file my_file.pdb (PDB, C-alpha atoms and all ligand atoms)
ATOM      1  CA  MET A  29       0.000   0.000   0.000  1.00  0.00           C
ATOM      2  CA  MET A  30       2.761   2.428   1.018  1.00  0.00           C
ATOM      3  CA  GLY A  31       4.625   1.473  -2.148  1.00  0.00           C
ATOM      4  CA  THR A  32       1.616   2.198  -4.350  1.00  0.00           C
ATOM      5  CA  ILE A  33       1.026   5.558  -2.690  1.00  0.00           C
ATOM      6  CA  ALA A  34       4.701   6.458  -2.933  1.00  0.00           C
ATOM      7  CA  ALA A  35       4.834   5.535  -6.613  1.00  0.00           C
ATOM      8  CA  GLY A  36       1.663   7.515  -7.385  1.00  0.00           C
ATOM      9  CA  LEU A  37       2.898  10.530  -5.487  1.00  0.00           C
ATOM     10  CA  ALA A  38       6.296  10.318  -7.126  1.00  0.00           C
ATOM     11  CA  HIS A  39       4.723  10.508 -10.599  1.00  0.00           C
ATOM     12  CA  GLU A  40       2.576  13.447  -9.548  1.00  0.00           C
ATOM     13  CA  ILE A  41       5.738  15.240  -8.442  1.00  0.00           C
ATOM     14  CA  LYS A  42       7.911  14.340 -11.427  1.00  0.00           C
ATOM     15  CA  ASN A  43       5.607  15.819 -14.056  1.00  0.00           C
ATOM     16  CA  PRO A  44       5.152  19.329 -12.630  1.00  0.00           C
ATOM     17  CA  LEU A  45       8.837  19.297 -11.705  1.00  0.00           C
ATOM     18  CA  GLY A  46       9.715  18.744 -15.359  1.00  0.00           C
ATOM     19  CA  GLY A  47       7.513  21.700 -16.243  1.00  0.00           C
ATOM     20  CA  ILE A  48       9.173  23.951 -13.669  1.00  0.00           C
ATOM     21  CA  LYS A  49      12.636  22.992 -14.850  1.00  0.00           C
ATOM     22  CA  GLY A  50      11.785  23.446 -18.520  1.00  0.00           C
ATOM     23  CA  ALA A  51      10.305  26.897 -17.905  1.00  0.00           C
ATOM     24  CA  ALA A  52      13.307  27.944 -15.824  1.00  0.00           C
ATOM     25  CA  GLN A  53      15.692  26.782 -18.555  1.00  0.00           C
ATOM     26  CA  LEU A  54      13.743  28.767 -21.124  1.00  0.00           C
ATOM     27  CA  LEU A  55      13.864  31.908 -18.976  1.00  0.00           C
ATOM     28  CA  ALA A  56      17.566  31.381 -18.271  1.00  0.00           C
ATOM     29  CA  ARG A  57      18.265  31.352 -21.993  1.00  0.00           C
ATOM     30  CA  GLU A  58      16.484  34.698 -22.479  1.00  0.00           C
ATOM     31  CA  SER A  59      17.510  36.367 -19.239  1.00  0.00           C
ATOM     32  CA  SER A  60      19.983  39.247 -19.519  1.00  0.00           C
ATOM     33  CA  SER A  61      20.420  40.205 -15.844  1.00  0.00           C
ATOM     34  CA  SER A  62      22.968  38.190 -13.912  1.00  0.00           C
ATOM     35  CA  GLU A  63      20.844  38.310 -10.761  1.00  0.00           C
ATOM     36  CA  SER A  64      17.846  36.604 -12.293  1.00  0.00           C
ATOM     37  CA  SER A  65      19.943  34.027 -14.104  1.00  0.00           C
ATOM     38  CA  GLU A  66      21.550  33.169 -10.795  1.00  0.00           C
ATOM     39  CA  CYS A  67      18.086  32.575  -9.302  1.00  0.00           C
ATOM     40  CA  LEU A  68      17.106  30.492 -12.309  1.00  0.00           C
ATOM     41  CA  GLN A  69      20.193  28.315 -11.904  1.00  0.00           C
ATOM     42  CA  ILE A  70      19.126  27.687  -8.300  1.00  0.00           C
ATOM     43  CA  ILE A  71      15.655  26.649  -9.469  1.00  0.00           C
ATOM     44  CA  ILE A  72      17.156  24.273 -12.036  1.00  0.00           C
ATOM     45  CA  LYS A  73      19.642  22.806  -9.555  1.00  0.00           C
ATOM     46  CA  GLU A  74      17.054  22.277  -6.843  1.00  0.00           C
ATOM     47  CA  THR A  75      14.485  20.722  -9.184  1.00  0.00           C
ATOM     48  CA  ASP A  76      17.230  18.271 -10.210  1.00  0.00           C
ATOM     49  CA  ARG A  77      17.732  17.401  -6.561  1.00  0.00           C
ATOM     50  CA  VAL A  78      14.054  16.700  -5.939  1.00  0.00           C
ATOM     51  CA  ASP A  79      13.955  14.709  -9.181  1.00  0.00           C
ATOM     52  CA  ARG A  80      16.831  12.492  -7.994  1.00  0.00           C
ATOM     53  CA  LEU A  81      15.112  11.888  -4.676  1.00  0.00           C
ATOM     54  CA  VAL A  82      11.848  10.969  -6.389  1.00  0.00           C
ATOM     55  CA  SER A  83      13.675   8.602  -8.754  1.00  0.00           C
ATOM     56  CA  ARG A  84      15.166   6.804  -5.780  1.00  0.00           C
ATOM     57  CA  LEU A  85      11.792   6.562  -4.145  1.00  0.00           C
ATOM     58  CA  LEU A  86      10.335   5.148  -7.364  1.00  0.00           C
ATOM     59  CA  SER A  87      12.993   2.504  -7.768  1.00  0.00           C
ATOM     60  CA  PHE A  88      12.484   1.615  -4.107  1.00  0.00           C
ATOM     61  CA  SER A  89       8.739   1.169  -4.376  1.00  0.00           C
ATOM     62  CA  ARG A  90       8.562  -0.504  -7.786  1.00  0.00           C
ATOM     63  CA  PRO A  91       7.257  -4.039  -7.460  1.00  0.00           C
ATOM     64  CA  ARG A  92       9.890  -6.425  -8.781  1.00  0.00           C
ATOM     65  CA  SER A  93      10.022 -10.131  -9.341  1.00  0.00           C
ATOM     66  CA  LEU A  94      13.192 -11.931  -8.320  1.00  0.00           C
ATOM     67  CA  SER A  95      15.211 -13.728 -10.940  1.00  0.00           C
ATOM     68  CA  LEU A  96      16.908 -16.507  -9.008  1.00  0.00           C
ATOM     69  CA  THR A  97      20.201 -18.108 -10.028  1.00  0.00           C
ATOM     70  CA  PRO A  98      22.780 -20.086  -8.026  1.00  0.00           C
ATOM     71  CA  LEU A  99      25.296 -17.632  -6.540  1.00  0.00           C
ATOM     72  CA  ASN A 100      28.557 -17.860  -4.700  1.00  0.00           C
ATOM     73  CA  LEU A 101      28.304 -15.448  -1.805  1.00  0.00           C
ATOM     74  CA  ASN A 102      32.079 -15.205  -1.355  1.00  0.00           C
ATOM     75  CA  GLU A 103      32.536 -14.094  -4.954  1.00  0.00           C
ATOM     76  CA  LEU A 104      29.730 -11.588  -4.558  1.00  0.00           C
ATOM     77  CA  LEU A 105      31.328 -10.068  -1.447  1.00  0.00           C
ATOM     78  CA  ASP A 106      34.753  -9.963  -3.110  1.00  0.00           C
ATOM     79  CA  SER A 107      33.351  -8.126  -6.125  1.00  0.00           C
ATOM     80  CA  LEU A 108      31.909  -5.495  -3.780  1.00  0.00           C
ATOM     81  CA  LEU A 109      35.233  -5.081  -1.967  1.00  0.00           C
ATOM     82  CA  LEU A 110      36.831  -4.429  -5.341  1.00  0.00           C
ATOM     83  CA  LEU A 111      34.102  -1.918  -6.190  1.00  0.00           C
ATOM     84  CA  GLN A 112      34.726  -0.037  -2.926  1.00  0.00           C
ATOM     85  CA  ALA A 113      38.525  -0.309  -3.018  1.00  0.00           C
ATOM     86  CA  GLY A 114      38.767   3.478  -3.524  1.00  0.00           C
ATOM     87  CA  PRO A 115      36.969   4.637  -0.362  1.00  0.00           C
ATOM     88  CA  ILE A 116      38.437   1.707   1.632  1.00  0.00           C
ATOM     89  CA  GLY A 117      41.944   2.809   0.717  1.00  0.00           C
ATOM     90  CA  GLU A 118      41.284   6.502   1.279  1.00  0.00           C
ATOM     91  CA  LYS A 119      40.029   5.876   4.813  1.00  0.00           C
ATOM     92  CA  LYS A 120      42.887   3.469   5.569  1.00  0.00           C
ATOM     93  CA  ILE A 121      40.433   0.708   6.457  1.00  0.00           C
ATOM     94  CA  ARG A 122      41.819  -2.724   7.195  1.00  0.00           C
ATOM     95  CA  VAL A 123      39.620  -5.423   5.654  1.00  0.00           C
ATOM     96  CA  ILE A 124      39.628  -8.883   7.159  1.00  0.00           C
ATOM     97  CA  ARG A 125      37.956 -11.656   5.165  1.00  0.00           C
ATOM     98  CA  LYS A 126      37.006 -14.895   6.813  1.00  0.00           C
ATOM     99  CA  PHE A 127      35.187 -16.778   4.098  1.00  0.00           C
ATOM    100  CA  ASP A 128      34.223 -20.412   4.247  1.00  0.00           C
ATOM    101  CA  PRO A 129      35.695 -21.724   0.959  1.00  0.00           C
ATOM    102  CA  SER A 130      33.338 -24.706   0.905  1.00  0.00           C
ATOM    103  CA  LEU A 131      30.203 -22.577   0.925  1.00  0.00           C
ATOM    104  CA  PRO A 132      27.520 -24.126  -1.312  1.00  0.00           C
ATOM    105  CA  PRO A 133      25.807 -21.852  -3.858  1.00  0.00           C
ATOM    106  CA  VAL A 134      22.650 -20.029  -2.789  1.00  0.00           C
ATOM    107  CA  LEU A 135      19.641 -19.241  -4.932  1.00  0.00           C
ATOM    108  CA  GLY A 136      19.365 -15.505  -5.223  1.00  0.00           C
ATOM    109  CA  ASP A 137      18.757 -12.531  -7.453  1.00  0.00           C
ATOM    110  CA  ALA A 138      22.298 -11.387  -8.242  1.00  0.00           C
ATOM    111  CA  ASP A 139      21.457  -7.722  -8.813  1.00  0.00           C
ATOM    112  CA  GLU A 140      19.339  -7.428  -5.691  1.00  0.00           C
ATOM    113  CA  LEU A 141      21.811  -9.196  -3.419  1.00  0.00           C
ATOM    114  CA  LYS A 142      24.686  -7.124  -4.779  1.00  0.00           C
ATOM    115  CA  GLN A 143      22.752  -3.985  -3.925  1.00  0.00           C
ATOM    116  CA  VAL A 144      21.894  -5.348  -0.473  1.00  0.00           C
ATOM    117  CA  PHE A 145      25.471  -6.158   0.493  1.00  0.00           C
ATOM    118  CA  LEU A 146      26.782  -3.010  -1.171  1.00  0.00           C
ATOM    119  CA  ASN A 147      24.469  -1.009   1.093  1.00  0.00           C
ATOM    120  CA  PHE A 148      25.868  -2.799   4.166  1.00  0.00           C
ATOM    121  CA  LEU A 149      29.463  -2.340   3.039  1.00  0.00           C
ATOM    122  CA  LYS A 150      28.948   1.341   2.223  1.00  0.00           C
ATOM    123  CA  ASN A 151      27.347   1.947   5.615  1.00  0.00           C
ATOM    124  CA  ALA A 152      30.298   0.224   7.278  1.00  0.00           C
ATOM    125  CA  ILE A 153      32.793   2.367   5.356  1.00  0.00           C
ATOM    126  CA  GLU A 154      30.839   5.543   6.075  1.00  0.00           C
ATOM    127  CA  ALA A 155      30.681   4.697   9.780  1.00  0.00           C
ATOM    128  CA  ILE A 156      34.457   4.543  10.097  1.00  0.00           C
ATOM    129  CA  PRO A 157      36.125   7.851  10.970  1.00  0.00           C
ATOM    130  CA  ASN A 158      38.922   9.207   8.785  1.00  0.00           C
ATOM    131  CA  GLY A 159      41.609   7.976  11.165  1.00  0.00           C
ATOM    132  CA  GLY A 160      41.037   4.423   9.989  1.00  0.00           C
ATOM    133  CA  GLY A 161      39.402   1.294  11.309  1.00  0.00           C
ATOM    134  CA  GLU A 162      38.475  -2.254  10.527  1.00  0.00           C
ATOM    135  CA  ILE A 163      35.839  -4.079   8.529  1.00  0.00           C
ATOM    136  CA  ARG A 164      35.459  -7.802   9.017  1.00  0.00           C
ATOM    137  CA  LEU A 165      33.544  -9.904   6.511  1.00  0.00           C
ATOM    138  CA  THR A 166      32.629 -13.483   7.249  1.00  0.00           C
ATOM    139  CA  SER A 167      30.600 -16.127   5.497  1.00  0.00           C
ATOM    140  CA  ARG A 168      29.660 -19.493   6.867  1.00  0.00           C
ATOM    141  CA  LEU A 169      27.215 -22.340   6.634  1.00  0.00           C
ATOM    142  CA  VAL A 170      24.811 -22.253   9.553  1.00  0.00           C
ATOM    143  CA  THR A 171      24.712 -25.702  11.109  1.00  0.00           C
ATOM    144  CA  ASP A 172      22.534 -25.137  14.155  1.00  0.00           C
ATOM    145  CA  PHE A 173      19.599 -23.456  12.470  1.00  0.00           C
ATOM    146  CA  LYS A 174      17.445 -24.253   9.473  1.00  0.00           C
ATOM    147  CA  ILE A 175      14.824 -22.177   7.712  1.00  0.00           C
ATOM    148  CA  LYS A 176      11.480 -23.891   7.141  1.00  0.00           C
ATOM    149  CA  GLU A 177      10.431 -23.403   3.555  1.00  0.00           C
ATOM    150  CA  ALA A 178       6.836 -22.926   2.469  1.00  0.00           C
ATOM    151  CA  SER A 179       6.926 -26.514   1.191  1.00  0.00           C
ATOM    152  CA  GLY A 180       7.486 -27.630   4.773  1.00  0.00           C
ATOM    153  CA  LYS A 181      10.984 -28.973   4.192  1.00  0.00           C
ATOM    154  CA  ALA A 182      13.833 -27.431   6.094  1.00  0.00           C
ATOM    155  CA  SER A 183      16.584 -25.893   3.993  1.00  0.00           C
ATOM    156  CA  ARG A 184      20.163 -25.102   4.862  1.00  0.00           C
ATOM    157  CA  MET A 185      21.157 -21.565   5.554  1.00  0.00           C
ATOM    158  CA  ILE A 186      24.158 -19.397   4.837  1.00  0.00           C
ATOM    159  CA  ALA A 187      25.130 -16.470   7.023  1.00  0.00           C
ATOM    160  CA  ALA A 188      27.199 -13.436   6.108  1.00  0.00           C
ATOM    161  CA  GLU A 189      28.427 -10.915   8.632  1.00  0.00           C
ATOM    162  CA  ILE A 190      29.665  -7.403   8.008  1.00  0.00           C
ATOM    163  CA  LEU A 191      31.290  -5.973  11.116  1.00  0.00           C
ATOM    164  CA  ASP A 192      32.780  -2.519  11.381  1.00  0.00           C
ATOM    165  CA  SER A 193      34.702  -0.689  14.078  1.00  0.00           C
ATOM    166  CA  GLY A 194      32.812   2.517  13.291  1.00  0.00           C
ATOM    167  CA  VAL A 195      30.743   5.018  15.229  1.00  0.00           C
ATOM    168  CA  GLY A 196      28.015   2.529  16.134  1.00  0.00           C
ATOM    169  CA  ILE A 197      24.279   3.145  16.471  1.00  0.00           C
ATOM    170  CA  SER A 198      22.541   4.287  19.652  1.00  0.00           C
ATOM    171  CA  LYS A 199      19.895   2.019  21.183  1.00  0.00           C
ATOM    172  CA  GLU A 200      17.207   4.500  20.184  1.00  0.00           C
ATOM    173  CA  ASP A 201      18.339   4.744  16.553  1.00  0.00           C
ATOM    174  CA  GLN A 202      18.631   0.959  16.248  1.00  0.00           C
ATOM    175  CA  THR A 203      14.829   0.784  16.225  1.00  0.00           C
ATOM    176  CA  LYS A 204      14.649   3.288  13.351  1.00  0.00           C
ATOM    177  CA  VAL A 205      17.382   2.377  10.891  1.00  0.00           C
ATOM    178  CA  PHE A 206      15.144   0.109   8.785  1.00  0.00           C
ATOM    179  CA  THR A 207      12.479   2.798   8.412  1.00  0.00           C
ATOM    180  CA  PRO A 208      12.511   4.393   4.943  1.00  0.00           C
ATOM    181  CA  PHE A 209      14.084   7.872   4.980  1.00  0.00           C
ATOM    182  CA  PHE A 210      15.670   7.504   8.401  1.00  0.00           C
ATOM    183  CA  THR A 211      19.186   8.884   8.020  1.00  0.00           C
ATOM    184  CA  THR A 212      21.740  10.575  10.254  1.00  0.00           C
ATOM    185  CA  LYS A 213      23.882  11.577   7.259  1.00  0.00           C
ATOM    186  CA  GLU A 214      23.884  14.989   5.655  1.00  0.00           C
ATOM    187  CA  SER A 215      23.693  13.602   2.130  1.00  0.00           C
ATOM    188  CA  GLY A 216      21.996  10.302   2.983  1.00  0.00           C
ATOM    189  CA  TYR A 217      18.622   9.184   1.660  1.00  0.00           C
ATOM    190  CA  GLY A 218      17.856   6.638   4.365  1.00  0.00           C
ATOM    191  CA  LEU A 219      16.722   3.997   1.901  1.00  0.00           C
ATOM    192  CA  GLY A 220      19.670   1.558   2.018  1.00  0.00           C
ATOM    193  CA  LEU A 221      18.654  -0.575   4.975  1.00  0.00           C
ATOM    194  CA  ALA A 222      14.930  -0.378   4.211  1.00  0.00           C
ATOM    195  CA  PHE A 223      15.660  -1.765   0.752  1.00  0.00           C
ATOM    196  CA  ALA A 224      18.034  -4.389   2.141  1.00  0.00           C
ATOM    197  CA  GLN A 225      15.568  -5.632   4.722  1.00  0.00           C
ATOM    198  CA  ARG A 226      12.800  -6.000   2.180  1.00  0.00           C
ATOM    199  CA  ALA A 227      15.020  -7.743  -0.372  1.00  0.00           C
ATOM    200  CA  ILE A 228      16.294 -10.191   2.231  1.00  0.00           C
ATOM    201  CA  HIS A 229      12.770 -11.026   3.364  1.00  0.00           C
ATOM    202  CA  GLU A 230      11.739 -11.550  -0.270  1.00  0.00           C
ATOM    203  CA  HIS A 231      14.588 -14.052  -0.497  1.00  0.00           C
ATOM    204  CA  GLY A 232      13.259 -15.924   2.537  1.00  0.00           C
ATOM    205  CA  GLY A 233      16.227 -14.822   4.616  1.00  0.00           C
ATOM    206  CA  SER A 234      16.559 -12.908   7.823  1.00  0.00           C
ATOM    207  CA  ILE A 235      18.626  -9.939   8.935  1.00  0.00           C
ATOM    208  CA  ARG A 236      19.936  -9.033  12.355  1.00  0.00           C
ATOM    209  CA  LEU A 237      21.557  -5.863  13.603  1.00  0.00           C
ATOM    210  CA  THR A 238      23.815  -5.568  16.631  1.00  0.00           C
ATOM    211  CA  SER A 239      25.557  -2.333  17.417  1.00  0.00           C
ATOM    212  CA  GLU A 240      27.191  -0.476  20.225  1.00  0.00           C
ATOM    213  CA  LYS A 241      27.635   3.280  20.229  1.00  0.00           C
ATOM    214  CA  SER A 242      31.313   4.236  19.706  1.00  0.00           C
ATOM    215  CA  HIS A 243      32.338   0.586  19.227  1.00  0.00           C
ATOM    216  CA  GLY A 244      30.893  -0.614  15.986  1.00  0.00           C
ATOM    217  CA  THR A 245      28.125  -2.413  14.196  1.00  0.00           C
TER     218      THR A 245
HETATM  219  P1  LIG B 301      21.838   6.198   4.631  1.00  0.00           P
HETATM  220  O1  LIG B 301      23.136   5.435   4.587  1.00  0.00           O
HETATM  221  O2  LIG B 301      21.497   6.847   3.326  1.00  0.00           O
HETATM  222  O3  LIG B 301      21.757   7.147   5.793  1.00  0.00           O
HETATM  223  P2  LIG B 301      20.722   3.615   5.374  1.00  0.00           P
HETATM  224  O4  LIG B 301      19.337   3.080   5.296  1.00  0.00           O
HETATM  225  O5  LIG B 301      21.785   2.865   4.670  1.00  0.00           O
HETATM  226  O6  LIG B 301      20.642   5.120   4.863  1.00  0.00           O
HETATM  227  O7  LIG B 301      21.130   3.756   6.903  1.00  0.00           O
HETATM  228  C1  LIG B 301      20.259   4.453   7.781  1.00  0.00           C
HETATM  229  C2  LIG B 301      21.015   4.955   8.997  1.00  0.00           C
HETATM  230  O8  LIG B 301      21.422   3.852   9.804  1.00  0.00           O
HETATM  231  C3  LIG B 301      22.300   5.715   8.723  1.00  0.00           C
HETATM  232  O9  LIG B 301      22.062   7.088   8.448  1.00  0.00           O
HETATM  233  C4  LIG B 301      23.080   5.519  10.003  1.00  0.00           C
HETATM  234  O10 LIG B 301      22.650   6.413  11.003  1.00  0.00           O
HETATM  235  C5  LIG B 301      22.642   4.129  10.445  1.00  0.00           C
HETATM  236  N1  LIG B 301      23.629   3.083  10.075  1.00  0.00           N
HETATM  237  C6  LIG B 301      23.472   2.126   9.147  1.00  0.00           C
HETATM  238  N2  LIG B 301      24.543   1.322   9.083  1.00  0.00           N
HETATM  239  C7  LIG B 301      25.427   1.784  10.014  1.00  0.00           C
HETATM  240  C8  LIG B 301      26.735   1.370  10.462  1.00  0.00           C
HETATM  241  N3  LIG B 301      27.366   0.320   9.924  1.00  0.00           N
HETATM  242  N4  LIG B 301      27.315   2.090  11.460  1.00  0.00           N
HETATM  243  C9  LIG B 301      26.691   3.150  12.010  1.00  0.00           C
HETATM  244  N5  LIG B 301      25.460   3.579  11.638  1.00  0.00           N
HETATM  245  C10 LIG B 301      24.837   2.910  10.646  1.00  0.00           C
HETATM  246 MG    MG B 302      23.437   3.648   3.500  1.00  0.00          MG
END

call {"tool": "encode", "arguments": {"input": "my_file.pdb", "output": "structure tokens", "more": "lines below"}}
Ligand code: ADP
Ligand code: MG
result
Amino acid sequence: MMGTIAAGLAHEIKNPLGGIKGAAQLLARESSSSESSECLQIIIKETDRVDRLVSRLLSFSRPRSLSLTPLNLNELLDSLLLLQAGPIGEKKIRVIRKFDPSLPPVLGDADELKQVFLNFLKNAIEAIPNGGGEIRLTSRLVTDFKIKEASGKASRMIAAEILDSGVGISKEDQTKVFTPFFTTKESGYGLGLAFAQRAIHEHGGSIRLTSEKSHGT
């Protein structure tokens, strides 16, 4: 329901926004005073910002169907580490990988799961102060717990952990981080964990958060 409302609202915003931007661009082309063209540039820049936000909201609320293929979780995590090598290096973050090499493949939607774990990894990197820190990635086969499938048969489960030595999350905020648009970052959108939680549930998985303020997550 929320998704449908969000998508409807987003469309209602995008159309008039396009009109505002187009009109401002037209005026900017004809404007001769530097003061008014400065104002028009602000209008154009800010409409772009709202447009980006609405696009994110749309891609968040769009109903999708999963396309499941067998995946190697270790390879997926490694590809994300490579993708984030820049920020990891800049912040002098030590990465420790403890992957179970005998992990069986899991059925998952590659694009969705990449986005999910990228969101976790990015949050971990962003949580670490510039002085440096540590991110620990582990993967393992869970032996003491099995998920009951809809068919009634129990299936094996794989667990991945992303631990960081960053700023941590207060007890109060821990109850809010999965809520869409909850963010403590100046340029954050607050959609990363909300998306991740939903995608994981759609995969029949579960997600758990443990964090301690000033110690890590
Ligand atoms: P965003 O990163 O855009 O703020 P997210 O949904 O990814 O949105 O995260 C929501 C909020 O949860 C963040 O703003 C931050 O306060 C908190 N958070 C998430 N992951 C971590 C982490 N690893 N360490 C500290 N805080 C975190
Ligand atoms: Mg995030």

call {"tool": "residues_around", "arguments": {"input": "my_file.pdb", "residues": "Ile228 of chain A", "least_positions_apart": "3", "cutoff": "10 Å", "atoms": "all atoms listed in the file", "output": "VMD selection string"}}
result
chain A and resid 136 140 to 141 144 223 to 225 231 to 235

call {"tool": "write_last_selection", "arguments": {"input": "my_file.pdb", "atoms": "C-alpha atoms", "output": "CSV table (one decimal), in the frame of the given file"}}
result
chain,number,residue,atom,x,y,z
A,136,GLY,CA,19.4,-15.5,-5.2
A,140,GLU,CA,19.3,-7.4,-5.7
A,141,LEU,CA,21.8,-9.2,-3.4
A,144,VAL,CA,21.9,-5.3,-0.5
A,223,PHE,CA,15.7,-1.8,0.8
A,224,ALA,CA,18.0,-4.4,2.1
A,225,GLN,CA,15.6,-5.6,4.7
A,231,HIS,CA,14.6,-14.1,-0.5
A,232,GLY,CA,13.3,-15.9,2.5
A,233,GLY,CA,16.2,-14.8,4.6
A,234,SER,CA,16.6,-12.9,7.8
A,235,ILE,CA,18.6,-9.9,8.9

call {"tool": "resolve_selection", "arguments": {"input": "my_file.pdb", "expression": "the PyMOL selection byres (((chain A and resi 192) around 7) and not hetatm)", "output": "list in words"}}
result
Ala152, Glu162, Ile163, Arg164, Ile190, Leu191, Ser193, Gly194, Gly244 and Thr245 of chain A

call {"tool": "residues_near_ligand", "arguments": {"input": "my_file.pdb", "ligand": "ligand MG 302 (chain B)", "cutoff": "7 Å", "atoms": "only C-alpha atoms and all ligand atoms", "output": "list in words"}}
result
Asn147, Phe148, Lys150, Asn151, Gly216, Gly218, Leu219, Gly220 and Leu221 of chain A

call {"tool": "atom_distance", "arguments": {"input": "my_file.pdb", "atom1": "atom CA of Lys49 of chain A", "atom2": "atom CA of Glu66 of chain A"}}
result
14.1 Å

call {"tool": "atom_distance", "arguments": {"input": "my_file.pdb", "atom1": "atom CA of Ile197 of chain A", "atom2": "atom CA of Ala155 of chain A"}}
result
9.4 Å

call {"tool": "resolve_selection", "arguments": {"input": "my_file.pdb", "expression": "the PyMOL selection byres (((chain A and resi 32-48) around 8) and not hetatm)", "output": "VMD selection string"}}
result
chain A and resid 29 to 31 49 to 52 75 79 82 to 83 85 to 86 89 to 90

call {"tool": "write_last_selection", "arguments": {"input": "my_file.pdb", "atoms": "C-alpha atoms", "output": "PDB file, in the coordinates of the input"}}
result
ATOM      1  CA  MET A  29       0.000   0.000   0.000  1.00  0.00           C
ATOM      2  CA  MET A  30       2.761   2.428   1.018  1.00  0.00           C
ATOM      3  CA  GLY A  31       4.625   1.473  -2.148  1.00  0.00           C
ATOM      4  CA  LYS A  49      12.636  22.992 -14.850  1.00  0.00           C
ATOM      5  CA  GLY A  50      11.785  23.446 -18.520  1.00  0.00           C
ATOM      6  CA  ALA A  51      10.305  26.897 -17.905  1.00  0.00           C
ATOM      7  CA  ALA A  52      13.307  27.944 -15.824  1.00  0.00           C
ATOM      8  CA  THR A  75      14.485  20.722  -9.184  1.00  0.00           C
ATOM      9  CA  ASP A  79      13.955  14.709  -9.181  1.00  0.00           C
ATOM     10  CA  VAL A  82      11.848  10.969  -6.389  1.00  0.00           C
ATOM     11  CA  SER A  83      13.675   8.602  -8.754  1.00  0.00           C
ATOM     12  CA  LEU A  85      11.792   6.562  -4.145  1.00  0.00           C
ATOM     13  CA  LEU A  86      10.335   5.148  -7.364  1.00  0.00           C
ATOM     14  CA  SER A  89       8.739   1.169  -4.376  1.00  0.00           C
ATOM     15  CA  ARG A  90       8.562  -0.504  -7.786  1.00  0.00           C
TER      16      ARG A  90
END

call {"tool": "atom_distance", "arguments": {"input": "my_file.pdb", "atom1": "atom CA of Gly161 of chain A", "atom2": "atom CA of Lys120 of chain A"}}
result
7.1 Å

call {"tool": "resolve_selection", "arguments": {"input": "my_file.pdb", "expression": "the PyMOL selection byres (((chain A and resi 198) around 8) and not hetatm)", "output": "list in words"}}
result
Gly196, Ile197, Lys199, Glu200, Asp201, Gln202, Ser239, Glu240 and Lys241 of chain A

call {"tool": "closest_residue", "arguments": {"input": "my_file.pdb", "among": "A:Leu105, A:Phe145, A:Leu96, A:Arg168", "to": "Leu131 of chain A", "atoms": "only C-alpha atoms"}}
result
A:Arg168

call {"tool": "closest_residue", "arguments": {"input": "my_file.pdb", "among": "A:Met185, A:Ile116, A:Leu135, A:Ile124", "to": "Asn158 of chain A", "atoms": "only C-alpha atoms"}}
result
A:Ile116
